[in-house]
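Shown below: query.txt, with compact mmCIF, C-alpha atoms.
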```
# COMPACT_ATOMS: atom_id res chain seq x y z
CA MET A 105 -41.69 1.89 -22.96
CA LYS A 106 -42.21 2.43 -19.23
CA ALA A 107 -39.00 4.21 -18.50
CA THR A 108 -35.67 5.04 -20.00
CA ILE A 109 -32.24 6.34 -19.12
CA ARG A 110 -30.13 8.93 -20.90
CA VAL A 111 -26.36 8.51 -20.73
CA ASN A 112 -24.05 11.45 -21.40
CA SER A 113 -21.79 9.59 -23.82
CA GLU A 114 -18.92 12.09 -23.58
CA ARG A 115 -18.83 12.04 -19.75
CA CYS A 116 -19.11 8.24 -19.41
CA LYS A 117 -15.77 6.61 -18.55
CA GLY A 118 -16.90 3.06 -19.27
CA CYS A 119 -16.37 1.71 -15.74
CA GLY A 120 -19.26 -0.73 -16.18
CA LEU A 121 -20.79 -0.33 -12.71
CA CYS A 122 -24.25 0.48 -14.17
CA ILE A 123 -24.01 -2.63 -16.35
CA GLU A 124 -23.09 -4.78 -13.34
CA PHE A 125 -25.86 -3.44 -11.08
CA CYS A 126 -28.73 -3.26 -13.62
CA PRO A 127 -31.22 -5.78 -12.18
CA ARG A 128 -32.59 -6.57 -15.66
CA GLN A 129 -29.31 -6.51 -17.58
CA CYS A 130 -30.56 -3.84 -19.98
CA ILE A 131 -27.32 -1.84 -20.30
CA PHE A 132 -24.37 -2.74 -22.53
CA PHE A 133 -21.15 -1.10 -23.70
CA SER A 134 -21.29 0.83 -26.97
CA LYS A 135 -19.35 -0.48 -29.96
CA GLN A 136 -17.87 2.95 -30.69
CA PHE A 137 -15.44 5.00 -28.61
CA ASN A 138 -16.18 8.45 -27.24
CA LYS A 139 -13.70 11.37 -27.45
CA SER A 140 -11.86 10.20 -24.33
CA GLY A 141 -11.50 6.70 -25.77
CA TYR A 142 -14.03 4.85 -23.63
CA HIS A 143 -16.89 2.55 -24.61
CA TRP A 144 -19.85 4.32 -23.02
CA ALA A 145 -22.95 2.69 -21.53
CA VAL A 146 -26.00 2.27 -23.76
CA LEU A 147 -29.53 1.15 -22.86
CA GLU A 148 -30.07 -1.60 -25.42
CA LYS A 149 -33.12 -3.47 -24.09
CA GLU A 150 -35.28 -0.35 -23.98
CA ASN A 151 -38.51 -2.17 -23.16
CA ASP A 152 -37.04 -3.90 -20.09
CA CYS A 153 -36.00 -0.69 -18.29
CA THR A 154 -38.20 0.05 -15.26
CA GLY A 155 -36.44 3.27 -14.25
CA CYS A 156 -35.40 1.81 -10.89
CA GLY A 157 -32.44 4.20 -10.76
CA LEU A 158 -29.77 1.73 -9.60
CA CYS A 159 -27.57 2.71 -12.57
CA PHE A 160 -27.93 6.38 -11.60
CA MET A 161 -27.05 5.49 -8.02
CA MET A 162 -23.91 3.54 -8.95
CA CYS A 163 -22.65 5.93 -11.66
CA PRO A 164 -19.48 7.60 -10.31
CA ASP A 165 -19.57 10.28 -13.01
CA ILE A 166 -23.24 11.22 -12.57
CA CYS A 167 -23.73 10.98 -16.33
CA ILE A 168 -27.00 8.98 -16.19
CA GLU A 169 -30.47 10.52 -15.97
CA THR A 170 -33.62 8.45 -15.57
CA TYR A 171 -37.03 9.23 -17.10
CA LYS A 172 -40.40 7.63 -16.41
CA ASN A 173 -43.70 7.58 -18.23
CA LYS A 174 -45.97 8.79 -15.47
CA GLY A 175 -49.20 7.14 -16.65
CA ILE A 176 -47.87 3.60 -17.14
CA ARG A 177 -47.06 1.29 -14.24
CA MET B 53 -41.53 11.32 -20.12
CA GLY B 54 -40.87 12.96 -16.78
CA LYS B 55 -37.36 13.29 -15.46
CA MET B 56 -36.94 11.25 -12.27
CA LEU B 57 -33.31 11.19 -11.22
CA SER B 58 -30.60 13.54 -12.37
CA ARG B 59 -27.57 15.51 -11.24
CA PRO B 60 -28.27 17.40 -7.98
CA LYS B 61 -28.28 21.21 -8.02
CA SER B 62 -25.34 21.45 -5.64
CA LEU B 63 -23.09 19.76 -8.18
CA LYS B 64 -21.86 21.79 -11.15
CA ASN B 65 -22.44 20.43 -14.63
CA VAL B 66 -18.78 19.62 -15.28
CA ALA B 67 -16.86 16.41 -15.90
CA LEU B 68 -15.21 14.92 -12.80
CA SER B 69 -11.48 14.30 -13.04
CA TYR B 70 -11.56 11.02 -11.11
CA CYS B 71 -10.49 7.68 -12.58
CA PRO B 72 -13.15 5.39 -14.10
CA GLY B 73 -15.10 3.62 -11.37
CA CYS B 74 -13.74 5.76 -8.51
CA GLY B 75 -16.03 6.09 -5.50
CA HIS B 76 -15.38 9.83 -5.04
CA GLY B 77 -18.01 10.72 -7.66
CA ILE B 78 -20.68 8.75 -5.80
CA VAL B 79 -19.77 10.43 -2.50
CA HIS B 80 -19.86 13.86 -4.18
CA ARG B 81 -23.34 13.15 -5.50
CA ILE B 82 -24.59 11.93 -2.10
CA ILE B 83 -23.25 15.05 -0.34
CA ALA B 84 -24.80 17.33 -2.99
CA GLU B 85 -28.16 15.56 -2.65
CA CYS B 86 -28.10 15.85 1.16
CA ILE B 87 -27.32 19.57 0.94
CA ASP B 88 -30.15 20.07 -1.57
CA GLU B 89 -32.56 18.16 0.66
CA LEU B 90 -31.63 20.16 3.75
CA SER B 91 -31.79 23.44 1.71
CA ILE B 92 -28.49 24.71 3.10
CA ARG B 93 -26.64 25.32 -0.16
CA GLU B 94 -26.57 29.10 0.32
CA LYS B 95 -24.87 28.89 3.71
CA THR B 96 -22.53 25.97 3.12
CA ILE B 97 -18.74 26.33 3.24
CA ALA B 98 -16.80 23.17 2.49
CA VAL B 99 -13.10 22.58 3.05
CA ALA B 100 -11.37 20.48 0.41
CA PRO B 101 -8.31 18.34 1.20
CA VAL B 102 -5.06 17.64 -0.55
CA GLY B 103 -5.51 14.38 -2.41
CA CYS B 104 -7.74 13.15 -5.20
CA ALA B 105 -10.57 15.46 -4.12
CA VAL B 106 -8.34 18.54 -4.30
CA PHE B 107 -10.46 19.92 -7.15
CA ALA B 108 -13.70 19.65 -5.16
CA TYR B 109 -14.14 23.42 -5.54
CA ASP B 110 -14.59 22.87 -9.27
CA TYR B 111 -17.40 20.37 -8.76
CA PHE B 112 -19.50 21.63 -5.86
CA ASN B 113 -21.88 24.48 -6.51
CA PHE B 114 -21.28 26.17 -3.14
CA ASP B 115 -18.33 27.81 -1.44
CA VAL B 116 -15.33 25.52 -1.08
CA THR B 117 -11.97 26.51 0.29
CA GLU B 118 -8.69 24.67 0.12
CA ALA B 119 -6.56 23.77 3.14
CA PRO B 120 -2.95 22.63 3.52
CA HIS B 121 -2.40 18.88 3.62
CA GLY B 122 -4.23 17.41 6.60
CA ARG B 123 -5.44 20.73 8.00
CA PRO B 124 -9.10 20.93 6.93
CA PRO B 125 -10.40 20.36 10.52
CA ALA B 126 -8.30 23.31 11.73
CA VAL B 127 -9.44 25.53 8.84
CA ALA B 128 -13.06 24.44 9.38
CA THR B 129 -12.74 25.26 13.08
CA GLY B 130 -11.74 28.80 12.19
CA ILE B 131 -14.55 29.21 9.66
CA LYS B 132 -17.17 27.80 12.01
CA ARG B 133 -16.06 29.87 15.01
CA THR B 134 -16.07 33.12 13.05
CA ASN B 135 -19.30 32.28 11.14
CA PRO B 136 -21.40 30.18 13.53
CA ASP B 137 -24.46 30.55 11.30
CA LYS B 138 -22.74 28.85 8.34
CA PHE B 139 -22.75 25.15 7.65
CA VAL B 140 -19.15 23.88 7.51
CA PHE B 141 -17.97 20.44 6.48
CA THR B 142 -14.64 19.00 5.39
CA TYR B 143 -14.09 16.37 2.74
CA GLN B 144 -10.95 14.36 3.35
CA GLY B 145 -9.13 11.26 2.23
CA ASP B 146 -7.37 8.73 4.41
CA GLY B 147 -3.85 9.99 3.73
CA ASP B 148 -5.02 13.48 4.60
CA ILE B 149 -7.02 12.83 7.76
CA ALA B 150 -5.24 9.83 9.29
CA ALA B 151 -1.58 10.48 8.43
CA ILE B 152 -0.41 14.09 8.22
CA GLY B 153 -3.66 15.48 9.63
CA MET B 154 -4.05 13.14 12.60
CA ALA B 155 -3.30 15.81 15.21
CA GLU B 156 -5.77 18.31 13.72
CA THR B 157 -8.49 15.65 13.51
CA MET B 158 -8.00 14.40 17.06
CA HIS B 159 -7.97 17.89 18.56
CA ALA B 160 -10.95 19.10 16.52
CA ALA B 161 -12.89 16.08 17.81
CA ASN B 162 -11.62 16.56 21.35
CA ARG B 163 -12.70 20.22 21.35
CA GLY B 164 -16.10 19.07 20.13
CA GLU B 165 -16.09 21.54 17.26
CA ASN B 166 -19.49 21.84 15.61
CA ILE B 167 -18.27 20.64 12.19
CA SER B 168 -18.88 17.59 10.03
CA ILE B 169 -16.14 15.52 8.41
CA ILE B 170 -16.67 13.27 5.41
CA PHE B 171 -13.74 10.88 5.45
CA VAL B 172 -13.29 8.85 2.25
CA ASN B 173 -11.23 5.78 3.10
CA ASN B 174 -9.75 3.98 0.10
CA ALA B 175 -6.80 2.30 1.86
CA ASN B 176 -4.04 4.00 -0.11
CA TYR B 177 -2.68 7.33 -1.35
CA GLY B 178 -4.67 7.43 -4.59
CA MET B 179 -3.48 10.71 -6.10
CA THR B 180 0.24 9.98 -5.84
CA GLY B 181 -0.07 6.52 -7.37
CA GLY B 182 -1.17 4.03 -4.71
CA GLN B 183 1.36 4.12 -1.87
CA MET B 184 0.69 2.67 1.58
CA ALA B 185 -1.58 4.81 3.78
CA PRO B 186 -2.27 4.40 7.53
CA THR B 187 -5.50 2.60 6.64
CA THR B 188 -3.89 0.06 4.26
CA LEU B 189 -4.94 -3.45 5.26
CA ILE B 190 -2.53 -6.10 6.56
CA GLY B 191 -1.20 -8.00 3.54
CA GLN B 192 -2.44 -5.43 1.02
CA VAL B 193 -0.01 -4.87 -1.85
CA THR B 194 0.69 -1.22 -2.63
CA ASP B 195 3.53 0.61 -4.40
CA THR B 196 5.53 0.97 -1.18
CA THR B 197 4.59 -2.45 0.28
CA PRO B 198 5.18 -4.72 -2.75
CA PHE B 199 5.06 -7.87 -0.58
CA GLY B 200 1.96 -6.81 1.33
CA ARG B 201 1.71 -4.67 4.46
CA ASN B 202 3.60 -6.39 7.25
CA SER B 203 2.39 -5.49 10.75
CA LYS B 204 5.90 -5.99 12.19
CA LYS B 205 7.36 -3.36 9.86
CA GLU B 206 4.50 -1.03 9.00
CA GLY B 207 2.09 -1.47 11.88
CA TYR B 208 -1.65 -1.99 11.76
CA PRO B 209 -4.41 -0.14 9.88
CA ILE B 210 -5.79 2.81 11.85
CA LYS B 211 -9.50 2.61 12.59
CA LEU B 212 -10.22 6.29 12.96
CA CYS B 213 -13.88 5.98 13.96
CA GLU B 214 -13.03 3.72 16.91
CA LEU B 215 -10.08 5.95 17.80
CA LEU B 216 -12.26 9.08 17.94
CA SER B 217 -15.12 7.32 19.73
CA VAL B 218 -13.23 7.41 23.06
CA LEU B 219 -13.04 11.23 22.94
CA GLU B 220 -15.81 13.00 24.79
CA GLY B 221 -16.15 15.70 22.13
CA SER B 222 -17.17 13.41 19.28
CA ILE B 223 -20.93 13.12 18.93
CA TYR B 224 -21.73 11.06 15.87
CA LEU B 225 -19.35 8.63 14.15
CA GLU B 226 -20.40 6.08 11.58
CA ARG B 227 -18.65 3.88 9.05
CA VAL B 228 -20.47 3.26 5.77
CA SER B 229 -19.61 1.93 2.34
CA ILE B 230 -20.61 2.56 -1.27
CA HIS B 231 -20.03 -0.86 -2.85
CA ASN B 232 -23.69 -1.51 -3.69
CA PRO B 233 -26.99 0.43 -3.92
CA LYS B 234 -28.11 -0.67 -0.44
CA ASN B 235 -24.98 0.69 1.16
CA ILE B 236 -25.22 3.87 -0.91
CA ILE B 237 -28.67 4.49 0.59
CA ASN B 238 -27.21 3.88 4.08
CA THR B 239 -24.37 6.28 3.29
CA ARG B 240 -26.86 8.93 2.30
CA LYS B 241 -28.82 8.49 5.53
CA ALA B 242 -25.60 8.64 7.58
CA ILE B 243 -24.35 11.81 5.88
CA LYS B 244 -27.73 13.45 6.34
CA LYS B 245 -27.70 12.55 10.05
CA ALA B 246 -24.21 14.01 10.44
CA PHE B 247 -25.25 17.22 8.68
CA GLN B 248 -28.39 17.45 10.81
CA CYS B 249 -26.22 16.96 13.89
CA GLN B 250 -24.30 20.10 12.98
CA ILE B 251 -27.42 22.09 12.07
CA ASP B 252 -28.87 21.23 15.49
CA GLY B 253 -25.64 22.48 17.08
CA LYS B 254 -24.81 19.20 18.76
CA GLY B 255 -21.14 18.99 17.84
CA PHE B 256 -18.49 17.00 16.04
CA SER B 257 -19.58 14.33 13.58
CA MET B 258 -17.60 12.19 11.18
CA ILE B 259 -18.74 9.74 8.50
CA GLU B 260 -16.10 7.31 7.26
CA VAL B 261 -17.01 6.18 3.75
CA ILE B 262 -15.29 3.00 2.56
CA SER B 263 -14.59 3.66 -1.10
CA ASN B 264 -12.89 1.84 -3.93
CA CYS B 265 -9.73 2.92 -5.77
CA PRO B 266 -9.50 0.74 -8.88
CA VAL B 267 -6.36 2.34 -10.31
CA GLY B 268 -4.49 2.55 -7.00
CA TRP B 269 -5.29 -1.08 -6.24
CA SER B 270 -4.44 -2.17 -9.85
CA MET B 271 -7.90 -3.67 -10.35
CA SER B 272 -10.81 -3.18 -12.72
CA PRO B 273 -13.74 -1.17 -11.29
CA LEU B 274 -15.79 -4.35 -10.83
CA GLU B 275 -12.92 -6.21 -9.14
CA SER B 276 -12.38 -3.28 -6.79
CA ILE B 277 -16.07 -3.25 -5.81
CA LYS B 278 -15.83 -6.98 -5.14
CA TRP B 279 -12.66 -6.50 -3.08
CA VAL B 280 -14.40 -3.88 -0.93
CA LYS B 281 -17.22 -6.33 -0.28
CA GLU B 282 -15.10 -9.41 0.37
CA VAL B 283 -11.98 -8.06 2.07
CA PHE B 284 -12.12 -4.38 2.95
CA ILE B 285 -15.31 -4.22 5.01
CA LYS B 286 -14.28 -7.38 6.91
CA SER B 287 -11.38 -5.40 8.38
CA PHE B 288 -13.38 -2.18 8.74
CA PRO B 289 -16.80 -3.29 10.03
CA LEU B 290 -19.65 -1.00 8.98
CA GLY B 291 -22.10 0.60 11.37
CA VAL B 292 -22.56 3.34 13.94
CA VAL B 293 -19.48 3.56 16.15
CA CYS B 294 -20.57 6.37 18.45
CA ASP B 295 -23.91 8.17 18.78
CA LYS B 296 -24.34 10.69 21.59
CA ARG B 297 -26.94 12.87 19.88
```
Please render this file's structure as structure tokens.
Amino acid sequence: MKATIRVNSERCKGCGLCIEFCPRQCIFFSKQFNKSGYHWAVLEKENDCTGCGLCFMMCPDICIETYKNKGIR
Amino acid sequence: MGKMLSRPKSLKNVALSYCPGCGHGIVHRIIAECIDELSIREKTIAVAPVGCAVFAYDYFNFDVTEAPHGRPPAVATGIKRTNPDKFVFTYQGDGDIAAIGMAETMHAANRGENISIIFVNNANYGMTGGQMAPTTLIGQVTDTTPFGRNSKKEGYPIKLCELLSVLEGSIYLERVSIHNPKNIINTRKAIKKAFQCQIDGKGFSMIEVISNCPVGWSMSPLESIKWVKEVFIKSFPLGVVCDKR
């Protein structure tokens, strides 16, 4: 796993902008609801994530954080 | 794993009250990142508007004051003149800056006040439920123009950047958008330039950010982003309108 994202599931409002702008289509909606009643964003294809940060950039609720494995390119 | 991108320090760790997909959150993050990069958080005073961003003081981790509807440029003028060493910017919506606050905006620009304005243009009054604003496009359906804005009855959309560009006091005016990552990067550069303009003491700067309002436009977040790209920025062309730095 080169990189990953962490989504704050309670802050996510399920707008889907990260899903739309993910260049590798790694992010999907969760099957469950959060406390506010939204399907939050989940990184499902964990091995495809490159940590490009476009989801972080598009997230209007700033509930995404990106992490990278520093040694692997 | 090392953390790469996360919430900037100038933004408090609280949930934003905006609707799902609203562009305000992105603009908040960009402003907070610019302030962190310029290391001016300790001396920043922001002026929040009346509108969707009325709770900006709950989100930003620096001093924010509230102003009556449309009056942030006047309040910012007072703050900047009495505290010239502070960094003062206003955050305003289109109903605030271009309708009730038009006089304050024009005169602040004409006096060449050394303040920055972040103007979030979403073509309607978002907080009150999507009524027609001065920046509503011709033919756009809103709550108060159910058959589309008719130029014979309601006039034409106000292009504030072009309007202010003829005033000698305005130094840096740019129109940017946040409908895709490329434009978000441009927005960040523009806001940083405007902030730098004030730090260097050059004078009045305004950045007009074209934003989406999914709920006010009765669209899904993705449809609203698409509408910005296909319709909105055709009427409000992006780019630097005035640069006298």
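Taking CA of Asn151 (chain A) and CA of Pro233 (chain B) as endpoints, the distance between them is 22.6 Å.
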9 Å contact set for region 127-131 of chain A, all atoms listed in the file, chain neighbours under 6 positions out, as a PyMOL selection string: chain A and resi 145-154+156+158-159
Which residues come within 9 Å of region 90-94 of chain B, counting all atoms listed in the file, excluding same-chain residues fewer than 4 positions away, as a compact mmCIF listing (two decimals) with C-alpha atoms, in the coordinates of the input?
```txt
# COMPACT_ATOMS: atom_id res chain seq x y z
CA SER B 62 -25.34 21.45 -5.64
CA ALA B 84 -24.80 17.33 -2.99
CA GLU B 85 -28.16 15.56 -2.65
CA CYS B 86 -28.10 15.85 1.16
CA ASN B 113 -21.88 24.48 -6.51
CA PHE B 114 -21.28 26.17 -3.14
CA ASP B 115 -18.33 27.81 -1.44
CA LYS B 138 -22.74 28.85 8.34
CA PHE B 139 -22.75 25.15 7.65
CA LYS B 244 -27.73 13.45 6.34
CA PHE B 247 -25.25 17.22 8.68
CA GLN B 248 -28.39 17.45 10.81
```
Write out, as CSV, each residue of chain A that has an atom at most 9 Å from chain B, together with the closest pair of atoms and their distance in Å to one decimal, counting all atoms listed in the file, rows going by chain and rising number.
```
residue,atom,partner,partner_atom,distance
A:Lys106,CA,B:Met53,CA,9.0
A:Ala107,CA,B:Met53,CA,7.7
A:Thr108,CA,B:Met53,CA,8.6
A:Arg115,CA,B:Ala67,CA,6.1
A:Cys116,CA,B:Pro72,CA,8.5
A:Lys117,CA,B:Pro72,CA,5.3
A:Gly118,CA,B:Pro72,CA,6.8
A:Cys119,CA,B:Gly73,CA,4.9
A:Gly120,CA,B:Leu274,CA,7.3
A:Leu121,CA,B:Leu274,CA,6.7
A:Glu124,CA,B:Leu274,CA,7.7
A:Phe125,CA,B:Asn232,CA,7.9
A:Gly155,CA,B:Met56,CA,8.2
A:Gly157,CA,B:Leu57,CA,7.1
A:Leu158,CA,B:Pro233,CA,6.5
A:Cys159,CA,B:Pro233,CA,9.0
A:Phe160,CA,B:Leu57,CA,7.2
A:Met161,CA,B:Pro233,CA,6.5
A:Met162,CA,B:Pro233,CA,6.7
A:Cys163,CA,B:Ile78,CA,6.8
A:Pro164,CA,B:Gly77,CA,4.3
A:Asp165,CA,B:Gly77,CA,5.6
A:Ile166,CA,B:Arg59,CA,6.2
A:Cys167,CA,B:Arg59,CA,7.8
A:Ile168,CA,B:Ser58,CA,7.0
A:Glu169,CA,B:Ser58,CA,4.7
A:Thr170,CA,B:Leu57,CA,5.2
A:Tyr171,CA,B:Lys55,CA,4.4
A:Lys172,CA,B:Met53,CA,5.4
A:Asn173,CA,B:Met53,CA,4.7
A:Lys174,CA,B:Gly54,CA,6.7
```
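As for CA of Ala119 (chain B) and CA of Tyr208 (chain B), they are spaced 27.6 Å apart.
Of note, CA of Leu225 (chain B) and CA of Ser168 (chain B) are spaced 9.9 Å apart.
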